Structures are given as structure tokens and as C-alpha cells.
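Asks: entry36.cif is reproduced below (mmCIF, C-alpha atoms).
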data_start
#
loop_
_atom_site.label_atom_id
_atom_site.label_comp_id
_atom_site.auth_asym_id
_atom_site.auth_seq_id
_atom_site.Cartn_x
_atom_site.Cartn_y
_atom_site.Cartn_z
CA MET A 821 129.28 66.71 97.78
CA ARG A 822 129.38 69.92 95.78
CA VAL A 823 126.13 71.86 95.53
CA GLU A 824 125.93 75.18 93.67
CA VAL A 825 122.71 77.17 93.94
CA PHE A 826 121.85 79.96 91.54
CA SER A 827 119.21 82.28 92.95
CA ASP A 828 118.19 85.90 93.38
CA THR A 829 117.53 87.80 96.58
CA VAL A 830 114.13 89.12 95.43
CA CYS A 831 112.80 85.72 94.39
CA PRO A 832 110.30 84.31 96.92
CA TRP A 833 110.66 80.76 95.59
CA CYS A 834 114.40 81.08 96.12
CA TYR A 835 113.66 81.74 99.80
CA VAL A 836 111.36 78.73 99.91
CA GLY A 837 113.97 76.61 98.13
CA LYS A 838 116.69 77.64 100.56
CA GLN A 839 114.62 76.65 103.57
CA ARG A 840 113.52 73.36 102.04
CA PHE A 841 117.05 72.47 100.97
CA GLU A 842 118.35 73.20 104.45
CA HIS A 843 115.67 70.89 105.85
CA ALA A 844 116.99 68.20 103.51
CA LEU A 845 120.55 68.81 104.70
CA ALA A 846 119.41 68.51 108.30
CA ALA A 847 118.03 65.07 107.46
CA ARG A 848 121.47 63.94 106.22
CA PRO A 849 123.87 65.30 108.87
CA GLU A 850 126.50 62.74 107.92
CA LEU A 851 126.95 64.28 104.46
CA ALA A 852 129.83 66.68 103.89
CA VAL A 853 128.35 69.29 101.57
CA ASP A 854 130.33 72.07 99.90
CA LEU A 855 127.51 74.57 99.38
CA LYS A 856 127.84 77.74 97.34
CA TRP A 857 125.14 80.39 96.89
CA LEU A 858 125.60 81.92 93.45
CA PRO A 859 124.02 84.96 91.77
CA TYR A 860 121.29 85.11 89.19
CA GLU A 861 119.86 88.60 88.75
CA LEU A 862 116.26 88.55 87.58
CA ASN A 863 116.20 92.32 86.98
CA PRO A 864 119.80 93.22 86.08
CA ASP A 865 118.80 96.36 84.18
CA LEU A 866 117.26 98.11 87.17
CA PRO A 867 119.11 101.29 88.16
CA ALA A 868 121.45 100.92 91.12
CA GLN A 869 119.01 102.82 93.33
CA GLY A 870 116.17 100.46 92.40
CA ALA A 871 112.61 101.55 91.71
CA ASP A 872 109.27 102.00 93.41
CA ARG A 873 107.87 98.48 93.56
CA ALA A 874 104.24 99.26 92.75
CA GLN A 875 105.23 101.42 89.78
CA TYR A 876 107.71 98.81 88.56
CA LEU A 877 105.14 96.00 88.68
CA ALA A 878 102.49 98.12 87.03
CA ALA A 879 104.86 99.11 84.23
CA LYS A 880 106.15 95.58 83.66
CA PHE A 881 102.98 93.54 84.16
CA GLY A 882 100.16 96.08 83.84
CA ASP A 883 98.78 95.36 87.31
CA ALA A 884 100.70 95.61 90.58
CA ASN A 885 98.16 93.25 92.20
CA ARG A 886 98.22 90.45 89.63
CA PHE A 887 100.28 88.25 91.97
CA ALA A 888 97.84 88.40 94.90
CA ASP A 889 96.82 84.74 94.61
CA ALA A 890 100.44 83.57 94.30
CA GLN A 891 101.38 85.67 97.29
CA ARG A 892 98.63 84.10 99.40
CA ARG A 893 99.95 80.66 98.46
CA LEU A 894 103.49 81.69 99.32
CA ARG A 895 102.37 82.98 102.71
CA ASP A 896 100.83 79.58 103.46
CA ILE A 897 103.96 77.73 102.33
CA GLY A 898 106.23 80.13 104.18
CA ALA A 899 104.35 79.63 107.43
CA GLN A 900 105.47 75.99 107.37
CA LEU A 901 109.11 76.97 106.82
CA ASP A 902 109.59 79.73 109.37
CA ILE A 903 109.24 82.37 106.65
CA GLU A 904 106.97 85.35 107.20
CA PHE A 905 106.20 86.74 103.77
CA ARG A 906 105.04 90.35 104.19
CA PHE A 907 104.67 91.46 100.59
CA GLU A 908 102.65 94.48 101.67
CA ALA A 909 105.71 95.83 103.51
CA ILE A 910 107.89 95.86 100.37
CA THR A 911 107.98 99.30 98.77
CA ARG A 912 111.15 99.08 96.66
CA MET A 913 112.21 96.85 93.80
CA PRO A 914 115.97 96.81 94.36
CA ASN A 915 118.83 96.15 92.03
CA THR A 916 120.29 93.01 93.63
CA ARG A 917 123.90 93.23 92.39
CA ARG A 918 125.20 94.63 95.70
CA SER A 919 123.41 91.99 97.74
CA HIS A 920 125.05 89.28 95.63
CA ALA A 921 128.44 90.93 96.12
CA LEU A 922 127.88 90.86 99.88
CA ILE A 923 126.94 87.18 99.80
CA ALA A 924 129.97 86.32 97.68
CA TRP A 925 132.25 88.24 100.02
CA ALA A 926 130.76 86.57 103.11
CA ALA A 927 132.53 83.30 102.19
CA ALA A 928 131.97 80.80 105.02
CA ALA A 929 129.06 82.92 106.32
CA GLN A 930 127.27 82.81 102.96
CA SER A 931 124.25 80.80 104.07
CA ASP A 932 123.70 82.99 107.12
CA VAL A 933 124.05 86.23 105.19
CA LYS A 934 121.87 84.94 102.35
CA GLY A 935 119.14 84.09 104.83
CA ARG A 936 119.42 87.48 106.52
CA VAL A 937 119.17 89.31 103.18
CA LEU A 938 116.08 87.32 102.19
CA ARG A 939 114.46 87.93 105.56
CA ALA A 940 115.27 91.64 105.41
CA TYR A 941 113.50 91.94 102.06
CA PHE A 942 110.54 89.60 102.38
CA SER A 943 109.75 89.84 106.08
CA GLU A 944 111.01 93.29 107.07
CA GLY A 945 110.39 95.21 103.85
CA ARG A 946 113.92 96.64 103.82
CA ASP A 947 115.59 97.94 100.66
CA ILE A 948 118.35 95.38 100.07
CA GLY A 949 119.80 97.54 97.31
CA ASP A 950 120.66 100.21 99.88
CA PRO A 951 124.32 99.99 100.97
CA GLN A 952 123.46 101.00 104.53
CA VAL A 953 120.96 98.16 104.81
CA LEU A 954 123.47 95.63 103.50
CA VAL A 955 126.21 96.84 105.84
CA SER A 956 123.78 96.56 108.73
CA ILE A 957 122.96 92.98 107.72
CA ALA A 958 126.67 92.14 107.58
CA ALA A 959 127.27 93.66 111.00
CA ASP A 960 124.33 91.74 112.48
CA ALA A 961 125.94 88.57 111.12
CA GLY A 962 129.13 89.40 113.01
CA LEU A 963 131.09 90.54 109.95
CA ASP A 964 133.25 93.64 109.64
CA ALA A 965 131.05 96.56 108.57
CA THR A 966 133.85 98.57 106.93
CA ALA A 967 135.00 95.60 104.86
CA ALA A 968 131.40 94.81 103.92
CA ARG A 969 130.86 98.37 102.69
CA ALA A 970 133.91 98.08 100.45
CA ALA A 971 132.88 94.64 99.20
CA ILE A 972 129.43 95.54 97.93
CA ASP A 973 130.92 97.90 95.33
CA ASP A 974 134.10 95.91 94.67
CA PRO A 975 134.57 95.80 90.86
CA ALA A 976 136.23 92.38 91.08
CA LEU A 977 133.24 90.92 92.91
CA HIS A 978 130.88 92.50 90.37
CA ARG A 979 132.88 91.00 87.51
CA GLY A 980 132.68 87.64 89.27
CA ILE A 981 128.92 87.94 89.50
CA ALA A 982 128.64 88.62 85.77
CA ALA A 983 130.90 85.64 85.02
CA LEU A 984 128.84 83.30 87.19
CA GLU A 985 125.61 84.44 85.56
CA ALA A 986 127.15 83.77 82.15
CA GLN A 987 128.13 80.34 83.42
CA ALA A 988 124.55 79.65 84.50
CA GLN A 989 123.32 80.61 81.04
CA SER A 990 125.90 78.35 79.40
CA TRP A 991 124.54 75.49 81.52
CA GLY A 992 121.04 76.17 80.23
CA ILE A 993 119.72 77.66 83.47
CA THR A 994 116.91 80.07 82.68
CA GLY A 995 115.09 80.29 86.01
CA VAL A 996 115.76 80.16 89.72
CA PRO A 997 116.30 78.68 92.16
CA ALA A 998 118.51 76.16 90.37
CA PHE A 999 120.38 73.58 92.46
CA VAL A 1000 123.33 71.96 90.69
CA PHE A 1001 124.64 68.78 92.33
CA GLU A 1002 128.19 67.71 91.48
CA ARG A 1003 127.71 69.47 88.11
CA ARG A 1004 125.74 66.39 87.07
CA TYR A 1005 122.20 66.84 88.37
CA LEU A 1006 119.97 69.90 88.23
CA VAL A 1007 116.96 70.48 90.47
CA SER A 1008 114.90 73.48 89.39
CA GLY A 1009 112.54 75.35 91.67
CA GLY A 1010 111.83 75.41 95.38
CA GLN A 1011 111.16 71.68 95.56
CA GLU A 1012 110.10 69.71 98.62
CA PRO A 1013 112.97 68.36 100.77
CA GLN A 1014 112.30 64.82 99.54
CA VAL A 1015 113.29 65.80 96.01
CA PHE A 1016 116.68 67.02 97.22
CA LEU A 1017 117.11 63.93 99.38
CA GLN A 1018 116.52 61.64 96.41
CA VAL A 1019 119.26 63.37 94.41
CA MET A 1020 121.72 63.38 97.29
CA ASP A 1021 121.06 59.73 98.08
CA ARG A 1022 121.53 58.82 94.43
CA ILE A 1023 124.91 60.57 94.34
CA VAL A 1024 126.00 58.78 97.51
CA ALA A 1025 124.88 55.42 96.07
CA GLU A 1026 126.73 56.08 92.82
CA GLY A 1027 129.87 56.86 94.78
CA ALA A 1028 129.55 53.68 96.78
CA SER A 1029 129.12 51.61 93.63
CA GLY A 1030 131.88 53.39 91.72
CA ALA A 1031 129.42 54.58 89.08
#
Is it possible to express this structure as C-alpha cells?
Replies:
Amino acid sequence: MRVEVFSDTVCPWCYVGKQRFEHALAARPELAVDLKWLPYELNPDLPAQGADRAQYLAAKFGDANRFADAQRRLRDIGAQLDIEFRFEAITRMPNTRRSHALIAWAAAAQSDVKGRVLRAYFSEGRDIGDPQVLVSIAADAGLDATAARAAIDDPALHRGIAALEAQAQSWGITGVPAFVFERRYLVSGGQEPQVFLQVMDRIVAEGASGA
């Protein structure tokens, strides 16, 4: 079963969605799933070095604290999913292009690297736009640090990211996370595992019936 997930590495609901989807996969161990984590930059116009987070939020939304209630809710949800949201530790709003390049390059280790990048940002307050941080994440995942450093600024990978984001737009995807099953069914948002299970079970049933 092919599942393509468009998400960003600074999107808390993308982190929630990843964990919930993986819970759904764990409930269907017999399924062979070809899973791809694909890019969707929410702030593509940020400079490569990123920006001060408080200043960015204040400039964009008028109040850096306007998301306090949503953050409290996310902390409660995260606690049930082995996610420690520490929004107070985040000081930078990074450009996420390099993190997406690292995830694309990681190939078979995509899910692991994606999870490590999300944890680095949301739980550890690390600047995931910083090449040194990304190389460290790759090394911790058992990947070659020198190759990872080259990958994050690889023009071909960056062109691939832009192409995939254009593809998402052509499919009508305007928000993330977006889970695309067999290029037939779309699940938007960090839904509960049961929602993903219903879609996967439907696809299996359709295959069994020849639909």
C-alpha cells in the first residue's frame, strides 16, 4: 500500500499525525506499506538562516503569545503520544528546506530521521535550519555525516523538493499533514489512528473484492 505524507518539520500537528499514523501501522503489522515522507514548506520565504521566533510570530500575527491555548492542548495530546512539546525552548523559526533535503536523502531511514528532526525542534529547541544540527541528527541516526552535510545543500534535492511541493498544490493540498493513500484517498490533519485504520481497511477490502 502506497502512502505519501506531505508535512513540514515545524508543524506540531504534523508531529502528532506522524505518531498517530505509526500507531495505526502498528495495529496492522500484516500490511506492507510503502511510506514516503514528502516536503511541504509552510514558510518557504524565510531566509536560509531563519529568524528569531518571537519576532517572527509578532511580525506575522501581531502577538507571539496568541497560540498559548493551542500549545497547552498540544502538550496534553503529545503526552499521550510520547511527544514532549517544549514550545518555550524554541527560539528560532528555521527555514525548513535543508531539513527536508536531509529527510529525502535518508531514503530507507526517512521515518527515523523525520522523527529525530521533529523531536530536535519541538522537544529540544534545536535550530533545525542549522547545518551542524542536521548533520548531528544524521550521525545520531547512524548515517554518514559527510554525505549528510553534502545532501542538505544538494541542488538536485532542493529541485526535487520544489517539484514535490508543486505536485501537492496540483493535487489541491493546501495544509498539512496530508496523508495520500494509493493516490486515491486523502486524510488531512493529525487524525486519530482509527481514521487511518478505516482508510487502510477500505483499501484492503477493495483489493480483495477487485474494486
Asks: Rank nothing, just name the residue among A:Gly935, A:Gly949, A:Gly870, A:Gly980 nearest to Glu842 in chain A, using all atoms listed in the file.
Replies: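 Of the candidates, the smallest distance to Glu842 in chain A is held by A:Gly935.
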Asks: Which residue is closest to Val953 in chain A? Choose from A:Ile1023, A:Ala967, A:Val937, A:Cys834 and count all atoms listed in the file.
Replies: A:Val937
Asks: Would you pick out the contacts of Trp833 in chain A at 10 Å or less, using all atoms listed in the file, so that residues sharing its chain but fewer than 4 positions from it are not included, and give the list as a ChimeraX atom specification?
Replies: /A:827-829,837-839,894,897-898,996-997,1009-1011
Asks: Taking C-alpha atoms for each residue, export the selection above as a CSV table (one decimal), in the frame of the given file.
Replies:
chain,number,residue,atom,x,y,z
A,827,SER,CA,119.2,82.3,93.0
A,828,ASP,CA,118.2,85.9,93.4
A,829,THR,CA,117.5,87.8,96.6
A,837,GLY,CA,114.0,76.6,98.1
A,838,LYS,CA,116.7,77.6,100.6
A,839,GLN,CA,114.6,76.6,103.6
A,894,LEU,CA,103.5,81.7,99.3
A,897,ILE,CA,104.0,77.7,102.3
A,898,GLY,CA,106.2,80.1,104.2
A,996,VAL,CA,115.8,80.2,89.7
A,997,PRO,CA,116.3,78.7,92.2
A,1009,GLY,CA,112.5,75.4,91.7
A,1010,GLY,CA,111.8,75.4,95.4
A,1011,GLN,CA,111.2,71.7,95.6
Asks: For the file shown, report as a list of chain:residue names the outcome of the PyMOL selection byres ((chain A and resi 903-905) around 10) at residue level.
Replies: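 Checking the PyMOL selection byres ((chain A and resi 903-905) around 10) against this file, the residues are A:Pro832, A:Tyr835, A:Val836, A:Gln839, A:Gln891, A:Arg892, A:Leu894, A:Arg895, A:Asp896, A:Ile897, A:Gly898, A:Ala899, A:Gln900, A:Leu901, A:Asp902, A:Arg906, A:Phe907, A:Glu908, A:Ala909, A:Ile910, A:Leu938, A:Arg939, A:Tyr941, A:Phe942, A:Ser943, A:Glu944, A:Gly945.
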Asks: Looking at A:Ala926, A:Val933, A:Val823, A:Ile972, which one is nearest to Ala998 in chain A, with distances taken over all atoms listed in the file?
Replies: A:Val823
Asks: Quick one: pull the distance between CA of Trp857 in chain A and CA of Val825 in chain A, Å, one decimal.
Replies: 5.0 Å
Asks: What would the selection look like, as a PyMOL selection string, if the PyMOL selection byres ((chain A and resi 914) around 9) were run on the coordinates I just shared?
Replies: chain A and resi 830+863+866-873+912-913+915-917+947-950
Asks: CA of Val1019 in chain A and CA of Leu845 in chain A are how many Å apart?
Replies: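 According to the coordinates, CA of Val1019 in chain A and CA of Leu845 in chain A are separated by 11.7 Å.
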Asks: On this structure, which residues satisfy the PyMOL selection byres ((chain A and resi 978) around 12), written as a short mmCIF file (atom, residue, chain, number, x, y, z; two decimals) with C-alpha atoms, in the frame of the given file?
Replies:
data_model
loop_
_atom_site.label_atom_id
_atom_site.label_comp_id
_atom_site.auth_asym_id
_atom_site.auth_seq_id
_atom_site.Cartn_x
_atom_site.Cartn_y
_atom_site.Cartn_z
CA PRO A 859 124.02 84.96 91.77
CA GLU A 861 119.86 88.60 88.75
CA PRO A 864 119.80 93.22 86.08
CA THR A 916 120.29 93.01 93.63
CA ARG A 917 123.90 93.23 92.39
CA ARG A 918 125.20 94.63 95.70
CA SER A 919 123.41 91.99 97.74
CA HIS A 920 125.05 89.28 95.63
CA ALA A 921 128.44 90.93 96.12
CA LEU A 922 127.88 90.86 99.88
CA ILE A 923 126.94 87.18 99.80
CA ALA A 924 129.97 86.32 97.68
CA TRP A 925 132.25 88.24 100.02
CA ALA A 970 133.91 98.08 100.45
CA ALA A 971 132.88 94.64 99.20
CA ILE A 972 129.43 95.54 97.93
CA ASP A 973 130.92 97.90 95.33
CA ASP A 974 134.10 95.91 94.67
CA PRO A 975 134.57 95.80 90.86
CA ALA A 976 136.23 92.38 91.08
CA LEU A 977 133.24 90.92 92.91
CA ARG A 979 132.88 91.00 87.51
CA GLY A 980 132.68 87.64 89.27
CA ILE A 981 128.92 87.94 89.50
CA ALA A 982 128.64 88.62 85.77
CA ALA A 983 130.90 85.64 85.02
CA LEU A 984 128.84 83.30 87.19
CA GLU A 985 125.61 84.44 85.56
#
Asks: Just how far from CA of Ala852 in chain A is CA of Arg822 in chain A, in Å to one decimal?
Replies: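 CA of Ala852 in chain A lies 8.7 Å from CA of Arg822 in chain A.
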Asks: With all atoms listed in the file as the atoms that count, which of A:Ala1028, A:Met1020, A:Val1015, A:Leu954 lies nearest to Val853 in chain A?
Replies: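 Closest residue, counting all atoms listed in the file: A:Met1020.
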Asks: Which residue is closest to Gln1014 in chain A? Choose from A:Ala890, A:Ala844, A:Cys831, A:Met821 and count all atoms listed in the file.
Replies: A:Ala844
Asks: Select, from A:Arg848, A:Glu824, A:Ala965, A:Gln875, the residue with the minimum atom-to-atom distance to Asp1021 in chain A, counting all atoms listed in the file.
Replies: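 Closest to Asp1021 in chain A, using all atoms listed in the file: A:Arg848.
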Asks: Taking all atoms of range 968-980 of chain A that appear in the file, build a box with edges along x, y and z, extend it by 3 Å on every side, and state its centre and edge lengths in Å to one decimal, as AutoDock Vina command-line options.
Replies:
--center_x 132.8 --center_y 93.0 --center_z 95.7 --size_x 12.8 --size_y 16.7 --size_z 22.4
Asks: As a short mmCIF file (atom, residue, chain, number, x, y, z; two decimals), in the frame of the given file, could you write out range 978-995 of chain A once it has been completed with N, CA and C atoms?
Replies:
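Output (selection_35.cif):
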data_model
loop_
_atom_site.label_atom_id
_atom_site.label_comp_id
_atom_site.auth_asym_id
_atom_site.auth_seq_id
_atom_site.Cartn_x
_atom_site.Cartn_y
_atom_site.Cartn_z
N HIS A 978 131.92 92.28 91.37
CA HIS A 978 130.88 92.50 90.37
C HIS A 978 131.21 91.77 89.07
N ARG A 979 132.49 91.76 88.70
CA ARG A 979 132.88 91.00 87.51
C ARG A 979 132.65 89.50 87.74
N GLY A 980 132.92 89.04 88.95
CA GLY A 980 132.68 87.64 89.27
C GLY A 980 131.22 87.27 89.18
N ILE A 981 130.36 88.18 89.59
CA ILE A 981 128.92 87.94 89.50
C ILE A 981 128.50 87.79 88.04
N ALA A 982 128.97 88.70 87.20
CA ALA A 982 128.64 88.62 85.77
C ALA A 982 129.14 87.32 85.16
N ALA A 983 130.33 86.89 85.56
CA ALA A 983 130.90 85.64 85.02
C ALA A 983 130.08 84.44 85.45
N LEU A 984 129.64 84.43 86.69
CA LEU A 984 128.84 83.30 87.19
C LEU A 984 127.47 83.26 86.51
N GLU A 985 126.90 84.42 86.25
CA GLU A 985 125.61 84.44 85.56
C GLU A 985 125.76 83.97 84.11
N ALA A 986 126.88 84.29 83.50
CA ALA A 986 127.15 83.77 82.15
C ALA A 986 127.33 82.26 82.20
N GLN A 987 127.96 81.77 83.26
CA GLN A 987 128.13 80.34 83.42
C GLN A 987 126.78 79.65 83.55
N ALA A 988 125.89 80.23 84.34
CA ALA A 988 124.55 79.65 84.50
C ALA A 988 123.84 79.56 83.15
N GLN A 989 123.95 80.61 82.36
CA GLN A 989 123.32 80.61 81.04
C GLN A 989 123.93 79.54 80.15
N SER A 990 125.24 79.36 80.23
CA SER A 990 125.90 78.35 79.40
C SER A 990 125.48 76.94 79.80
N TRP A 991 125.04 76.78 81.04
CA TRP A 991 124.54 75.49 81.52
C TRP A 991 123.06 75.30 81.21
N GLY A 992 122.45 76.28 80.58
CA GLY A 992 121.04 76.17 80.23
C GLY A 992 120.09 76.55 81.33
N ILE A 993 120.58 77.23 82.36
CA ILE A 993 119.72 77.66 83.47
C ILE A 993 119.02 78.94 83.08
N THR A 994 117.70 78.90 83.09
CA THR A 994 116.91 80.07 82.68
C THR A 994 115.97 80.55 83.77
N GLY A 995 115.95 79.88 84.91
CA GLY A 995 115.09 80.29 86.01
C GLY A 995 115.70 79.86 87.33
#
